[in-house]
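A quick write-up on the structure given underneath.
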Amino acid sequence: MKIIVTKSYDEMSKAAADVFEKEIRNNPELVLGLATGSTPVGTYRELVRRHLENGLDFSRTKSFNLDEYVGLSGDNPNSYRHFMDEHLFNHINIERENTHVPDGLTENPKEYGKKYDQMILESGGIGIQLLGIGSNGHIAFNEPDEELPVGTGLVELSEQTIADNARFFQSAEHVPTQAISMGMGSILKAGKIILLASGEGKAEVISELLNRGKVTSRIPATFLLLHPDVTLVCDEEAYSEVNR
Ligand code: PGA
């Protein structure tokens, strides 16, 4: 795993956007794997700026998002489809039909998950995948457990994740308890992975990830250690517990 430690959240966001910009300029038809949450907001802001000011062109790119809450339609303000529209898609020139966020209203998550993975394959596969990390080590909504899903499908949110995400909802009771999430296998098929982490709330899990030297389904992010091209881009606060 390559590691870039930055002084601040803004620098982390710029460093991640630098990698995305380089990859998109090299391959204008790049398939982007995208993430939601607080952490990637600055990266999207920076990509929007580069589109508006420097002509970074998304017109031939495609995108696939990691996950969506079960029960939320795309126009619900708490849905990840809405998040992506607000933070990125509405401000760049990607074709709407080329953007994919899992359908939180699907009636058959198993079939839908297979179809989603198949669509990714048929698009040529994800060239670059952006990831955040949960304070419990989850990647997308692959929560710590004895086993981890390989493909996309229905997952249960952990209590920790519900507590962490309650800040976006009226209260913890309003957070959906299930999601459609890309599986660890779907994620590990990406050509290149950028893992973001910011703030002291992530310091413990980043130190676990880097100091442990083992993979464990109890910290799903450790599976990223098996991928040949992962770059962790994090700020000093998130890195502060490493090597302690
Ligand atoms: P956050 O979430 O960016 O809001 O901290 C990260 C994640 O849960 O993957």
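Chain identifiers are assigned as A, B, and so on, following the order in which chains appear in the structure tokens; residues are numbered from 1 within each chain, and ligands are numbered from 1 in order of appearance.
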
Subject >> Expected selection as a VMD selection string for ligand 1 within 7 Å, only C-alpha atoms and all ligand atoms >> reply: chain A and resid 36 to 40 131 to 134 138 to 140

Store the residues picked out above in a file with all heavy atoms, as a PDB file, in the first residue's frame.
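Result written to result.pdb:
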```pdb
ATOM      1  N   THR A  36     -19.500   7.715  -0.990  1.00  0.00           N
ATOM      2  CA  THR A  36     -20.202   8.821  -0.325  1.00  0.00           C
ATOM      3  C   THR A  36     -19.645   8.969   1.094  1.00  0.00           C
ATOM      4  O   THR A  36     -18.661   8.342   1.438  1.00  0.00           O
ATOM      5  CB  THR A  36     -21.715   8.541  -0.305  1.00  0.00           C
ATOM      6  OG1 THR A  36     -21.906   7.216   0.200  1.00  0.00           O
ATOM      7  CG2 THR A  36     -22.323   8.636  -1.693  1.00  0.00           C
ATOM      8  N   GLY A  37     -20.290   9.811   1.904  1.00  0.00           N
ATOM      9  CA  GLY A  37     -19.776  10.079   3.254  1.00  0.00           C
ATOM     10  C   GLY A  37     -19.141  11.453   3.293  1.00  0.00           C
ATOM     11  O   GLY A  37     -19.036  12.133   2.266  1.00  0.00           O
ATOM     12  N   SER A  38     -18.699  11.871   4.475  1.00  0.00           N
ATOM     13  CA  SER A  38     -18.107  13.214   4.612  1.00  0.00           C
ATOM     14  C   SER A  38     -16.752  13.293   3.928  1.00  0.00           C
ATOM     15  O   SER A  38     -16.378  14.341   3.382  1.00  0.00           O
ATOM     16  CB  SER A  38     -17.890  13.553   6.085  1.00  0.00           C
ATOM     17  OG  SER A  38     -19.061  13.373   6.803  1.00  0.00           O
ATOM     18  N   THR A  39     -15.996  12.207   3.984  1.00  0.00           N
ATOM     19  CA  THR A  39     -14.594  12.280   3.574  1.00  0.00           C
ATOM     20  C   THR A  39     -14.395  12.678   2.107  1.00  0.00           C
ATOM     21  O   THR A  39     -13.552  13.527   1.828  1.00  0.00           O
ATOM     22  CB  THR A  39     -13.883  10.946   3.894  1.00  0.00           C
ATOM     23  OG1 THR A  39     -14.275  10.542   5.202  1.00  0.00           O
ATOM     24  CG2 THR A  39     -12.374  11.100   3.836  1.00  0.00           C
ATOM     25  N   PRO A  40     -15.147  12.114   1.147  1.00  0.00           N
ATOM     26  CA  PRO A  40     -14.864  12.461  -0.257  1.00  0.00           C
ATOM     27  C   PRO A  40     -15.428  13.805  -0.727  1.00  0.00           C
ATOM     28  O   PRO A  40     -15.167  14.203  -1.864  1.00  0.00           O
ATOM     29  CB  PRO A  40     -15.513  11.311  -1.050  1.00  0.00           C
ATOM     30  CG  PRO A  40     -16.522  10.715  -0.152  1.00  0.00           C
ATOM     31  CD  PRO A  40     -16.123  11.010   1.251  1.00  0.00           C
ATOM     32  N   LEU A 131     -12.443   5.313  -2.068  1.00  0.00           N
ATOM     33  CA  LEU A 131     -13.029   4.676  -0.877  1.00  0.00           C
ATOM     34  C   LEU A 131     -12.842   5.551   0.354  1.00  0.00           C
ATOM     35  O   LEU A 131     -11.795   6.198   0.513  1.00  0.00           O
ATOM     36  CB  LEU A 131     -12.330   3.339  -0.578  1.00  0.00           C
ATOM     37  CG  LEU A 131     -12.459   2.198  -1.567  1.00  0.00           C
ATOM     38  CD1 LEU A 131     -11.596   1.014  -1.096  1.00  0.00           C
ATOM     39  CD2 LEU A 131     -13.902   1.763  -1.729  1.00  0.00           C
ATOM     40  N   GLY A 132     -13.840   5.531   1.237  1.00  0.00           N
ATOM     41  CA  GLY A 132     -13.646   6.002   2.602  1.00  0.00           C
ATOM     42  C   GLY A 132     -13.479   4.768   3.474  1.00  0.00           C
ATOM     43  O   GLY A 132     -13.516   3.639   2.983  1.00  0.00           O
ATOM     44  N   ILE A 133     -13.299   5.001   4.760  1.00  0.00           N
ATOM     45  CA  ILE A 133     -13.194   3.873   5.688  1.00  0.00           C
ATOM     46  C   ILE A 133     -14.053   4.186   6.915  1.00  0.00           C
ATOM     47  O   ILE A 133     -14.041   5.317   7.409  1.00  0.00           O
ATOM     48  CB  ILE A 133     -11.712   3.608   6.071  1.00  0.00           C
ATOM     49  CG1 ILE A 133     -11.577   2.409   7.024  1.00  0.00           C
ATOM     50  CG2 ILE A 133     -11.051   4.838   6.670  1.00  0.00           C
ATOM     51  CD1 ILE A 133     -10.121   1.950   7.222  1.00  0.00           C
ATOM     52  N   GLY A 134     -14.828   3.215   7.376  1.00  0.00           N
ATOM     53  CA  GLY A 134     -15.630   3.430   8.584  1.00  0.00           C
ATOM     54  C   GLY A 134     -14.727   3.406   9.804  1.00  0.00           C
ATOM     55  O   GLY A 134     -13.642   2.815   9.782  1.00  0.00           O
ATOM     56  N   HIS A 138     -15.068  -0.647   8.201  1.00  0.00           N
ATOM     57  CA  HIS A 138     -15.866  -1.095   7.042  1.00  0.00           C
ATOM     58  C   HIS A 138     -15.419  -0.375   5.772  1.00  0.00           C
ATOM     59  O   HIS A 138     -14.874   0.728   5.813  1.00  0.00           O
ATOM     60  CB  HIS A 138     -17.380  -0.961   7.291  1.00  0.00           C
ATOM     61  CG  HIS A 138     -17.937   0.410   7.195  1.00  0.00           C
ATOM     62  ND1 HIS A 138     -19.175   0.742   7.703  1.00  0.00           N
ATOM     63  CD2 HIS A 138     -17.455   1.561   6.651  1.00  0.00           C
ATOM     64  CE1 HIS A 138     -19.423   2.015   7.458  1.00  0.00           C
ATOM     65  NE2 HIS A 138     -18.401   2.534   6.833  1.00  0.00           N
ATOM     66  N   ILE A 139     -15.656  -1.075   4.659  1.00  0.00           N
ATOM     67  CA  ILE A 139     -15.386  -0.532   3.328  1.00  0.00           C
ATOM     68  C   ILE A 139     -16.697  -0.679   2.574  1.00  0.00           C
ATOM     69  O   ILE A 139     -17.258  -1.775   2.534  1.00  0.00           O
ATOM     70  CB  ILE A 139     -14.259  -1.332   2.634  1.00  0.00           C
ATOM     71  CG1 ILE A 139     -12.914  -1.078   3.325  1.00  0.00           C
ATOM     72  CG2 ILE A 139     -14.169  -0.999   1.147  1.00  0.00           C
ATOM     73  CD1 ILE A 139     -12.356   0.316   3.198  1.00  0.00           C
ATOM     74  N   ALA A 140     -17.177   0.422   1.962  1.00  0.00           N
ATOM     75  CA  ALA A 140     -18.570   0.496   1.521  1.00  0.00           C
ATOM     76  C   ALA A 140     -19.394   0.114   2.757  1.00  0.00           C
ATOM     77  O   ALA A 140     -19.067   0.544   3.864  1.00  0.00           O
ATOM     78  CB  ALA A 140     -18.830  -0.383   0.303  1.00  0.00           C
TER      79      ALA A 140
END
```

Original post:
Which parts of stretch 51-231 of chain A does DSSP call strand (DSSP E or B) when run on the backbone here, written out as a ChimeraX atom specification?
Top reply: /A:62-65,67-69,99-100,128-131,139,142,153-156,178-181,192-197,216,219,230-231

Original post:
Would you give me, as a ChimeraX atom specification, the residues in stretch 105-211 of chain A that DSSP reads as helix (DSSP H, G or I)?
Top reply: /A:109-122,159-168,172-174,184-188,200-211

**OP:** Find the spatial neighbours of stretch 114-127 of chain A, counting only C-alpha atoms, within a cut-off of 12 Å - ignore same-chain residues fewer than 3 positions away - and output them as a VMD selection string.
**Re:** chain A and resid 19 to 20 23 to 24 26 to 34 60 to 67 98 to 103 106 108 to 111 130 150 to 154 180 to 194 229

Quick one: everything within 8 Å of stretch 199-210 of chain A, counting only C-alpha atoms, minus sequence neighbours fewer than 4 positions away in the same chain. Send it as an mmCIF file with all heavy atoms, in the first residue's frame.
```cif
data_model
loop_
_atom_site.group_PDB
_atom_site.id
_atom_site.type_symbol
_atom_site.label_atom_id
_atom_site.label_comp_id
_atom_site.auth_asym_id
_atom_site.auth_seq_id
_atom_site.Cartn_x
_atom_site.Cartn_y
_atom_site.Cartn_z
ATOM 1 N N TYR A 9 -7.146 18.343 5.648
ATOM 2 C CA TYR A 9 -8.213 17.736 4.850
ATOM 3 C C TYR A 9 -8.178 18.263 3.416
ATOM 4 O O TYR A 9 -8.317 17.490 2.461
ATOM 5 C CB TYR A 9 -9.569 18.053 5.504
ATOM 6 C CG TYR A 9 -10.751 17.577 4.694
ATOM 7 C CD1 TYR A 9 -11.153 16.243 4.740
ATOM 8 C CD2 TYR A 9 -11.454 18.456 3.871
ATOM 9 C CE1 TYR A 9 -12.229 15.799 3.988
ATOM 10 C CE2 TYR A 9 -12.531 18.015 3.120
ATOM 11 C CZ TYR A 9 -12.918 16.686 3.172
ATOM 12 O OH TYR A 9 -13.975 16.242 2.421
ATOM 13 N N ILE A 133 -13.299 5.001 4.760
ATOM 14 C CA ILE A 133 -13.194 3.873 5.688
ATOM 15 C C ILE A 133 -14.053 4.186 6.915
ATOM 16 O O ILE A 133 -14.041 5.317 7.409
ATOM 17 C CB ILE A 133 -11.712 3.608 6.071
ATOM 18 C CG1 ILE A 133 -11.577 2.409 7.024
ATOM 19 C CG2 ILE A 133 -11.051 4.838 6.670
ATOM 20 C CD1 ILE A 133 -10.121 1.950 7.222
ATOM 21 N N GLY A 134 -14.828 3.215 7.376
ATOM 22 C CA GLY A 134 -15.630 3.430 8.584
ATOM 23 C C GLY A 134 -14.727 3.406 9.804
ATOM 24 O O GLY A 134 -13.642 2.815 9.782
ATOM 25 N N SER A 135 -15.174 4.016 10.890
ATOM 26 C CA SER A 135 -14.365 3.994 12.120
ATOM 27 C C SER A 135 -14.212 2.551 12.607
ATOM 28 O O SER A 135 -13.292 2.232 13.353
ATOM 29 C CB SER A 135 -14.997 4.878 13.197
ATOM 30 O OG SER A 135 -16.272 4.380 13.550
ATOM 31 N N ASN A 136 -15.105 1.656 12.156
ATOM 32 C CA ASN A 136 -14.998 0.238 12.515
ATOM 33 C C ASN A 136 -14.268 -0.577 11.439
ATOM 34 O O ASN A 136 -14.237 -1.796 11.513
ATOM 35 C CB ASN A 136 -16.395 -0.360 12.751
ATOM 36 C CG ASN A 136 -17.258 -0.342 11.489
ATOM 37 O OD1 ASN A 136 -16.845 0.176 10.455
ATOM 38 N ND2 ASN A 136 -18.446 -0.909 11.577
ATOM 39 N N GLY A 137 -13.709 0.104 10.449
ATOM 40 C CA GLY A 137 -12.947 -0.590 9.408
ATOM 41 C C GLY A 137 -13.784 -1.039 8.230
ATOM 42 O O GLY A 137 -13.290 -1.720 7.330
ATOM 43 N N ILE A 219 -11.848 -6.470 10.320
ATOM 44 C CA ILE A 219 -11.519 -5.122 9.825
ATOM 45 C C ILE A 219 -11.506 -5.225 8.296
ATOM 46 O O ILE A 219 -10.455 -5.460 7.676
ATOM 47 C CB ILE A 219 -10.140 -4.632 10.326
ATOM 48 C CG1 ILE A 219 -10.053 -4.764 11.851
ATOM 49 C CG2 ILE A 219 -9.897 -3.166 9.898
ATOM 50 C CD1 ILE A 219 -8.675 -4.475 12.404
ATOM 51 N N ALA A 221 -11.309 -3.395 5.854
ATOM 52 C CA ALA A 221 -10.316 -2.613 5.104
ATOM 53 C C ALA A 221 -8.999 -3.362 4.948
ATOM 54 O O ALA A 221 -8.234 -3.098 4.007
ATOM 55 C CB ALA A 221 -10.067 -1.267 5.786
ATOM 56 N N THR A 222 -8.706 -4.321 5.844
ATOM 57 C CA THR A 222 -7.433 -5.041 5.716
ATOM 58 C C THR A 222 -7.368 -5.850 4.419
ATOM 59 O O THR A 222 -6.269 -6.147 3.939
ATOM 60 C CB THR A 222 -7.175 -5.987 6.916
ATOM 61 O OG1 THR A 222 -8.283 -6.897 7.048
ATOM 62 C CG2 THR A 222 -6.993 -5.211 8.209
ATOM 63 N N ASP A 235 -4.865 12.550 6.143
ATOM 64 C CA ASP A 235 -4.239 13.710 6.778
ATOM 65 C C ASP A 235 -3.473 13.266 8.028
ATOM 66 O O ASP A 235 -3.567 12.108 8.454
ATOM 67 C CB ASP A 235 -5.269 14.822 7.039
ATOM 68 C CG ASP A 235 -6.411 14.377 7.944
ATOM 69 O OD1 ASP A 235 -6.260 13.369 8.658
ATOM 70 O OD2 ASP A 235 -7.464 15.049 7.918
ATOM 71 N N GLU A 236 -2.714 14.199 8.588
ATOM 72 C CA GLU A 236 -1.835 13.865 9.720
ATOM 73 C C GLU A 236 -2.619 13.326 10.910
ATOM 74 O O GLU A 236 -2.147 12.465 11.627
ATOM 75 C CB GLU A 236 -1.050 15.115 10.157
ATOM 76 C CG GLU A 236 0.099 15.423 9.231
ATOM 77 C CD GLU A 236 0.830 16.710 9.615
ATOM 78 O OE1 GLU A 236 0.309 17.472 10.466
ATOM 79 O OE2 GLU A 236 1.917 16.938 9.044
ATOM 80 N N GLU A 237 -3.832 13.845 11.095
ATOM 81 C CA GLU A 237 -4.633 13.390 12.248
ATOM 82 C C GLU A 237 -5.007 11.919 12.105
ATOM 83 O O GLU A 237 -4.910 11.151 13.057
ATOM 84 C CB GLU A 237 -5.901 14.229 12.386
ATOM 85 C CG GLU A 237 -5.626 15.618 12.905
ATOM 86 C CD GLU A 237 -6.902 16.428 13.095
ATOM 87 O OE1 GLU A 237 -7.985 15.930 12.756
ATOM 88 O OE2 GLU A 237 -6.785 17.558 13.590
ATOM 89 N N ALA A 238 -5.422 11.545 10.905
ATOM 90 C CA ALA A 238 -5.798 10.135 10.696
ATOM 91 C C ALA A 238 -4.587 9.224 10.789
ATOM 92 O O ALA A 238 -4.705 8.045 11.137
ATOM 93 C CB ALA A 238 -6.483 9.972 9.343
ATOM 94 N N TYR A 239 -3.390 9.779 10.518
ATOM 95 C CA TYR A 239 -2.157 8.967 10.525
ATOM 96 C C TYR A 239 -1.484 8.952 11.900
ATOM 97 O O TYR A 239 -0.517 8.238 12.112
ATOM 98 C CB TYR A 239 -1.195 9.554 9.479
ATOM 99 C CG TYR A 239 -0.082 8.619 9.076
ATOM 100 C CD1 TYR A 239 -0.334 7.513 8.263
ATOM 101 C CD2 TYR A 239 1.227 8.827 9.524
ATOM 102 C CE1 TYR A 239 0.687 6.648 7.894
ATOM 103 C CE2 TYR A 239 2.258 7.962 9.162
ATOM 104 C CZ TYR A 239 1.974 6.878 8.352
ATOM 105 O OH TYR A 239 2.978 6.024 7.984
ATOM 106 N N SER A 240 -2.033 9.732 12.839
ATOM 107 C CA SER A 240 -1.300 10.045 14.081
ATOM 108 C C SER A 240 -1.025 8.841 14.985
ATOM 109 O O SER A 240 -0.104 8.898 15.812
ATOM 110 C CB SER A 240 -2.044 11.126 14.867
ATOM 111 O OG SER A 240 -3.344 10.664 15.177
ATOM 112 N N GLU A 241 -1.779 7.761 14.842
ATOM 113 C CA GLU A 241 -1.556 6.603 15.731
ATOM 114 C C GLU A 241 -0.674 5.535 15.104
ATOM 115 O O GLU A 241 -0.354 4.529 15.742
ATOM 116 C CB GLU A 241 -2.900 5.959 16.111
ATOM 117 C CG GLU A 241 -3.850 6.850 16.880
ATOM 118 C CD GLU A 241 -3.423 7.030 18.343
ATOM 119 O OE1 GLU A 241 -2.902 6.065 18.921
ATOM 120 O OE2 GLU A 241 -3.604 8.135 18.867
ATOM 121 N N VAL A 242 -0.299 5.743 13.830
ATOM 122 C CA VAL A 242 0.511 4.708 13.140
ATOM 123 C C VAL A 242 1.917 4.688 13.762
ATOM 124 O O VAL A 242 2.478 5.740 14.063
ATOM 125 C CB VAL A 242 0.594 5.004 11.629
ATOM 126 C CG1 VAL A 242 1.495 3.997 10.924
ATOM 127 C CG2 VAL A 242 -0.800 4.968 11.013
ATOM 128 N N ASN A 243 2.433 3.477 13.975
ATOM 129 C CA ASN A 243 3.783 3.274 14.549
ATOM 130 C C ASN A 243 3.877 3.655 16.016
ATOM 131 O O ASN A 243 4.966 3.750 16.567
ATOM 132 C CB ASN A 243 4.866 4.047 13.777
ATOM 133 C CG ASN A 243 4.944 3.586 12.339
ATOM 134 O OD1 ASN A 243 4.719 2.417 12.054
ATOM 135 N ND2 ASN A 243 5.233 4.504 11.445
#
```

Write out as a PDB file with all heavy atoms, in the first residue's frame which residues come within 12 Å of A:Glu159 when counting only C-alpha atoms, dropping same-chain ones fewer than 6 positions away.
```
ATOM      1  N   GLY A 134     -14.828   3.215   7.376  1.00  0.00           N
ATOM      2  CA  GLY A 134     -15.630   3.430   8.584  1.00  0.00           C
ATOM      3  C   GLY A 134     -14.727   3.406   9.804  1.00  0.00           C
ATOM      4  O   GLY A 134     -13.642   2.815   9.782  1.00  0.00           O
ATOM      5  N   SER A 135     -15.174   4.016  10.890  1.00  0.00           N
ATOM      6  CA  SER A 135     -14.365   3.994  12.120  1.00  0.00           C
ATOM      7  C   SER A 135     -14.212   2.551  12.607  1.00  0.00           C
ATOM      8  O   SER A 135     -13.292   2.232  13.353  1.00  0.00           O
ATOM      9  CB  SER A 135     -14.997   4.878  13.197  1.00  0.00           C
ATOM     10  OG  SER A 135     -16.272   4.380  13.550  1.00  0.00           O
ATOM     11  N   ASN A 136     -15.105   1.656  12.156  1.00  0.00           N
ATOM     12  CA  ASN A 136     -14.998   0.238  12.515  1.00  0.00           C
ATOM     13  C   ASN A 136     -14.268  -0.577  11.439  1.00  0.00           C
ATOM     14  O   ASN A 136     -14.237  -1.796  11.513  1.00  0.00           O
ATOM     15  CB  ASN A 136     -16.395  -0.360  12.751  1.00  0.00           C
ATOM     16  CG  ASN A 136     -17.258  -0.342  11.489  1.00  0.00           C
ATOM     17  OD1 ASN A 136     -16.845   0.176  10.455  1.00  0.00           O
ATOM     18  ND2 ASN A 136     -18.446  -0.909  11.577  1.00  0.00           N
ATOM     19  N   GLU A 143     -19.480  -4.649   6.609  1.00  0.00           N
ATOM     20  CA  GLU A 143     -19.238  -4.438   8.034  1.00  0.00           C
ATOM     21  C   GLU A 143     -18.392  -5.567   8.619  1.00  0.00           C
ATOM     22  O   GLU A 143     -18.410  -6.688   8.102  1.00  0.00           O
ATOM     23  CB  GLU A 143     -20.586  -4.400   8.775  1.00  0.00           C
ATOM     24  CG  GLU A 143     -21.535  -3.312   8.291  1.00  0.00           C
ATOM     25  CD  GLU A 143     -21.172  -1.920   8.799  1.00  0.00           C
ATOM     26  OE1 GLU A 143     -20.032  -1.711   9.263  1.00  0.00           O
ATOM     27  OE2 GLU A 143     -22.032  -1.033   8.721  1.00  0.00           O
ATOM     28  N   PRO A 144     -17.672  -5.294   9.727  1.00  0.00           N
ATOM     29  CA  PRO A 144     -16.899  -6.347  10.389  1.00  0.00           C
ATOM     30  C   PRO A 144     -17.794  -7.545  10.710  1.00  0.00           C
ATOM     31  O   PRO A 144     -18.894  -7.375  11.239  1.00  0.00           O
ATOM     32  CB  PRO A 144     -16.439  -5.678  11.687  1.00  0.00           C
ATOM     33  CG  PRO A 144     -16.445  -4.222  11.381  1.00  0.00           C
ATOM     34  CD  PRO A 144     -17.566  -4.005  10.411  1.00  0.00           C
ATOM     35  N   ASN A 165     -23.538   7.391  11.370  1.00  0.00           N
ATOM     36  CA  ASN A 165     -24.279   8.076  10.301  1.00  0.00           C
ATOM     37  C   ASN A 165     -25.526   8.793  10.793  1.00  0.00           C
ATOM     38  O   ASN A 165     -26.197   9.475  10.018  1.00  0.00           O
ATOM     39  CB  ASN A 165     -24.635   7.084   9.188  1.00  0.00           C
ATOM     40  CG  ASN A 165     -23.394   6.642   8.420  1.00  0.00           C
ATOM     41  OD1 ASN A 165     -22.287   7.039   8.764  1.00  0.00           O
ATOM     42  ND2 ASN A 165     -23.572   5.838   7.402  1.00  0.00           N
ATOM     43  N   ALA A 166     -25.818   8.656  12.103  1.00  0.00           N
ATOM     44  CA  ALA A 166     -27.020   9.299  12.659  1.00  0.00           C
ATOM     45  C   ALA A 166     -26.964  10.815  12.473  1.00  0.00           C
ATOM     46  O   ALA A 166     -28.001  11.471  12.376  1.00  0.00           O
ATOM     47  CB  ALA A 166     -27.166   8.945  14.134  1.00  0.00           C
ATOM     48  N   ALA A 172     -30.780   8.393  15.366  1.00  0.00           N
ATOM     49  CA  ALA A 172     -30.297   7.051  14.981  1.00  0.00           C
ATOM     50  C   ALA A 172     -31.453   6.157  14.514  1.00  0.00           C
ATOM     51  O   ALA A 172     -31.273   5.319  13.634  1.00  0.00           O
ATOM     52  CB  ALA A 172     -29.554   6.403  16.137  1.00  0.00           C
ATOM     53  N   GLU A 173     -32.643   6.372  15.094  1.00  0.00           N
ATOM     54  CA  GLU A 173     -33.796   5.526  14.706  1.00  0.00           C
ATOM     55  C   GLU A 173     -34.196   5.744  13.249  1.00  0.00           C
ATOM     56  O   GLU A 173     -34.864   4.899  12.657  1.00  0.00           O
ATOM     57  CB  GLU A 173     -35.036   5.796  15.567  1.00  0.00           C
ATOM     58  CG  GLU A 173     -34.955   5.290  16.985  1.00  0.00           C
ATOM     59  CD  GLU A 173     -34.341   6.316  17.908  1.00  0.00           C
ATOM     60  OE1 GLU A 173     -35.046   7.261  18.267  1.00  0.00           O
ATOM     61  OE2 GLU A 173     -33.143   6.181  18.229  1.00  0.00           O
ATOM     62  N   VAL A 175     -32.041   6.098  10.772  1.00  0.00           N
ATOM     63  CA  VAL A 175     -31.036   5.575   9.836  1.00  0.00           C
ATOM     64  C   VAL A 175     -31.510   4.200   9.348  1.00  0.00           C
ATOM     65  O   VAL A 175     -31.843   3.343  10.172  1.00  0.00           O
ATOM     66  CB  VAL A 175     -29.648   5.414  10.516  1.00  0.00           C
ATOM     67  CG1 VAL A 175     -28.612   4.932   9.511  1.00  0.00           C
ATOM     68  CG2 VAL A 175     -29.212   6.717  11.166  1.00  0.00           C
ATOM     69  N   PRO A 176     -31.558   3.992   8.024  1.00  0.00           N
ATOM     70  CA  PRO A 176     -31.929   2.655   7.542  1.00  0.00           C
ATOM     71  C   PRO A 176     -30.980   1.600   8.122  1.00  0.00           C
ATOM     72  O   PRO A 176     -29.822   1.906   8.411  1.00  0.00           O
ATOM     73  CB  PRO A 176     -31.765   2.769   6.027  1.00  0.00           C
ATOM     74  CG  PRO A 176     -31.910   4.224   5.739  1.00  0.00           C
ATOM     75  CD  PRO A 176     -31.313   4.924   6.923  1.00  0.00           C
ATOM     76  N   THR A 177     -31.484   0.387   8.297  1.00  0.00           N
ATOM     77  CA  THR A 177     -30.657  -0.652   8.915  1.00  0.00           C
ATOM     78  C   THR A 177     -30.027  -1.579   7.876  1.00  0.00           C
ATOM     79  O   THR A 177     -29.240  -2.451   8.219  1.00  0.00           O
ATOM     80  CB  THR A 177     -31.507  -1.498   9.890  1.00  0.00           C
ATOM     81  OG1 THR A 177     -32.599  -2.052   9.148  1.00  0.00           O
ATOM     82  CG2 THR A 177     -32.049  -0.651  11.024  1.00  0.00           C
ATOM     83  N   GLN A 178     -30.417  -1.398   6.615  1.00  0.00           N
ATOM     84  CA  GLN A 178     -29.870  -2.249   5.554  1.00  0.00           C
ATOM     85  C   GLN A 178     -29.415  -1.387   4.379  1.00  0.00           C
ATOM     86  O   GLN A 178     -29.859  -0.244   4.222  1.00  0.00           O
ATOM     87  CB  GLN A 178     -30.944  -3.201   5.040  1.00  0.00           C
ATOM     88  CG  GLN A 178     -31.413  -4.205   6.075  1.00  0.00           C
ATOM     89  CD  GLN A 178     -32.481  -5.109   5.511  1.00  0.00           C
ATOM     90  OE1 GLN A 178     -33.401  -4.643   4.835  1.00  0.00           O
ATOM     91  NE2 GLN A 178     -32.358  -6.399   5.773  1.00  0.00           N
TER      92      GLN A 178
END
```

**OP:** Find the residues around A:Leu88 up to 12 Å (only C-alpha atoms counted), leave out those fewer than 2 positions away in its own chain, and share them as a ChimeraX atom specification.
**Re:** /A:34-36,40-52,58,63,80-86,90-96,99

Keeping only C-alpha atoms, write the selected residues as an mmCIF file, in the first residue's frame.
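The new file part_1.cif reads:
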```
data_model
loop_
_atom_site.group_PDB
_atom_site.id
_atom_site.type_symbol
_atom_site.label_atom_id
_atom_site.label_comp_id
_atom_site.auth_asym_id
_atom_site.auth_seq_id
_atom_site.Cartn_x
_atom_site.Cartn_y
_atom_site.Cartn_z
ATOM 1 C CA LEU A 34 -17.280 6.484 -6.310
ATOM 2 C CA ALA A 35 -17.980 6.737 -2.591
ATOM 3 C CA THR A 36 -20.202 8.821 -0.325
ATOM 4 C CA PRO A 40 -14.864 12.461 -0.257
ATOM 5 C CA VAL A 41 -16.804 15.765 -0.296
ATOM 6 C CA GLY A 42 -13.602 17.820 -0.680
ATOM 7 C CA THR A 43 -12.320 15.567 -3.460
ATOM 8 C CA TYR A 44 -15.577 16.082 -5.386
ATOM 9 C CA ARG A 45 -15.401 19.854 -4.762
ATOM 10 C CA GLU A 46 -11.896 19.835 -6.231
ATOM 11 C CA LEU A 47 -12.925 17.743 -9.253
ATOM 12 C CA VAL A 48 -15.846 20.122 -9.918
ATOM 13 C CA ARG A 49 -13.437 23.084 -9.741
ATOM 14 C CA ARG A 50 -11.054 21.382 -12.165
ATOM 15 C CA HIS A 51 -13.949 20.692 -14.532
ATOM 16 C CA LEU A 52 -15.164 24.309 -14.436
ATOM 17 C CA PHE A 58 -16.157 13.699 -17.740
ATOM 18 C CA SER A 63 -19.390 5.840 -12.724
ATOM 19 C CA TYR A 80 -26.607 8.421 -1.803
ATOM 20 C CA ARG A 81 -27.986 9.105 -5.303
ATOM 21 C CA HIS A 82 -29.027 12.534 -4.036
ATOM 22 C CA PHE A 83 -25.628 13.012 -2.378
ATOM 23 C CA MET A 84 -23.827 12.253 -5.636
ATOM 24 C CA ASP A 85 -26.063 14.563 -7.653
ATOM 25 C CA GLU A 86 -25.511 17.407 -5.177
ATOM 26 C CA ASN A 90 -24.980 18.087 -11.221
ATOM 27 C CA HIS A 91 -21.794 20.138 -11.598
ATOM 28 C CA ILE A 92 -19.783 18.161 -14.164
ATOM 29 C CA ASN A 93 -20.468 16.967 -17.689
ATOM 30 C CA ILE A 94 -20.914 13.253 -17.008
ATOM 31 C CA GLU A 95 -23.947 11.798 -18.835
ATOM 32 C CA ARG A 96 -26.626 10.976 -16.304
ATOM 33 C CA THR A 99 -23.868 7.265 -13.552
#
```
